[in-house]
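What follows is protein_5.cif (mmCIF, C-alpha atoms).
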```cif
data_my_file
loop_
_atom_site.label_atom_id
_atom_site.label_comp_id
_atom_site.auth_asym_id
_atom_site.auth_seq_id
_atom_site.Cartn_x
_atom_site.Cartn_y
_atom_site.Cartn_z
CA MET A 1 -4.22 12.25 3.54
CA LEU A 2 -0.53 12.88 2.87
CA ILE A 3 -1.10 12.45 -0.84
CA ALA A 4 -4.35 14.42 -0.99
CA LEU A 5 -2.94 17.43 0.90
CA ASN A 6 -0.25 17.95 -1.76
CA ILE A 7 2.38 19.08 0.75
CA GLY A 8 5.33 17.20 -0.72
CA ALA A 9 4.88 14.05 1.36
CA GLU A 10 3.58 11.87 -1.46
CA PHE A 11 6.48 9.43 -1.30
CA LEU A 12 5.91 8.93 2.43
CA GLY A 13 2.20 8.37 1.82
CA PHE A 14 2.83 5.72 -0.81
CA THR A 15 5.43 4.09 1.44
CA LEU A 16 2.87 3.86 4.24
CA LEU A 17 0.36 2.39 1.77
CA LEU A 18 2.87 -0.30 0.78
CA ILE A 19 3.73 -1.13 4.41
CA SER A 20 0.04 -1.32 5.27
CA ALA A 21 -0.71 -3.59 2.30
CA ILE A 22 2.12 -5.94 3.24
CA SER A 23 1.02 -6.05 6.89
CA ILE A 24 -2.61 -6.78 6.02
CA ALA A 25 -1.50 -9.39 3.46
CA ILE A 26 0.50 -11.22 6.13
CA TRP A 27 -2.51 -11.14 8.45
CA ALA A 28 -4.82 -12.38 5.67
CA TYR A 29 -2.41 -15.19 4.74
CA ARG A 30 -2.14 -16.39 8.34
CA ASN A 31 -5.92 -16.39 8.80
CA ASN A 32 -6.66 -17.88 5.36
CA PHE A 33 -8.61 -14.88 4.00
CA LYS A 34 -7.93 -15.32 0.29
CA GLY A 35 -10.10 -12.44 -0.94
CA ILE A 36 -8.39 -9.89 1.28
CA LEU A 37 -5.00 -11.30 0.29
CA VAL A 38 -5.76 -10.78 -3.41
CA LEU A 39 -6.97 -7.24 -2.72
CA GLN A 40 -3.69 -6.40 -1.00
CA VAL A 41 -1.81 -7.24 -4.19
CA PHE A 42 -3.60 -4.34 -5.88
CA TYR A 43 -2.94 -1.99 -2.95
CA ALA A 44 0.73 -2.97 -2.88
CA SER A 45 1.05 -2.40 -6.63
CA ALA A 46 -0.55 1.05 -6.24
CA GLY A 47 1.98 1.83 -3.53
CA LEU A 48 4.89 0.71 -5.71
CA VAL A 49 3.69 2.64 -8.74
CA GLY A 50 3.19 5.75 -6.62
CA MET A 51 6.63 5.44 -5.06
CA LEU A 52 8.27 5.04 -8.47
CA ARG A 53 6.35 8.00 -9.85
CA TRP A 54 7.28 10.38 -7.04
CA PHE A 55 10.89 9.26 -6.58
#
```
Would you mind writing the file out in structure tokens?
Amino acid sequence: MLIALNIGAEFLGFTLLLISAISIAIWAYRNNFKGILVLQVFYASAGLVGMLRWF
């Protein structure tokens, strides 16, 4: 929502996306959910690209 509203909080939104992806990846790794773990790599990369773009 922070990114879609276009209120200048894009960097914060992408930071939250990265934190969320890392948290879910840790959970998936601990519970041996390989598919979810792979998906989090793509979410984390989207967060990093977004943070670099808006910084």
#### Entry: Residues near A:Trp54, cut-off 10 Å, all atoms listed in the file, skip fewer than 2 positions along chain, as an MDAnalysis selection string
chainID A and resid 8:12 14 49:52
### Query
Using the chain letters and numbers from the file, which residues does the PyMOL selection byres ((chain A and resi 37) around 10) grab, as a PyMOL selection string?
chain A and resi 21-22+24-36+38-42
### Query
In Å, with one decimal, what is the gap from atom CA of A:Tyr43 to atom CA of A:Ile7?
22.0 Å
### Message
Give me, as an MDAnalysis selection string, all polymer residues having an atom no more than 7 Å from A:Leu18, counting only C-alpha atoms and skipping those fewer than 6 positions away in the same chain.
### Response
chainID A and resid 44 47:48
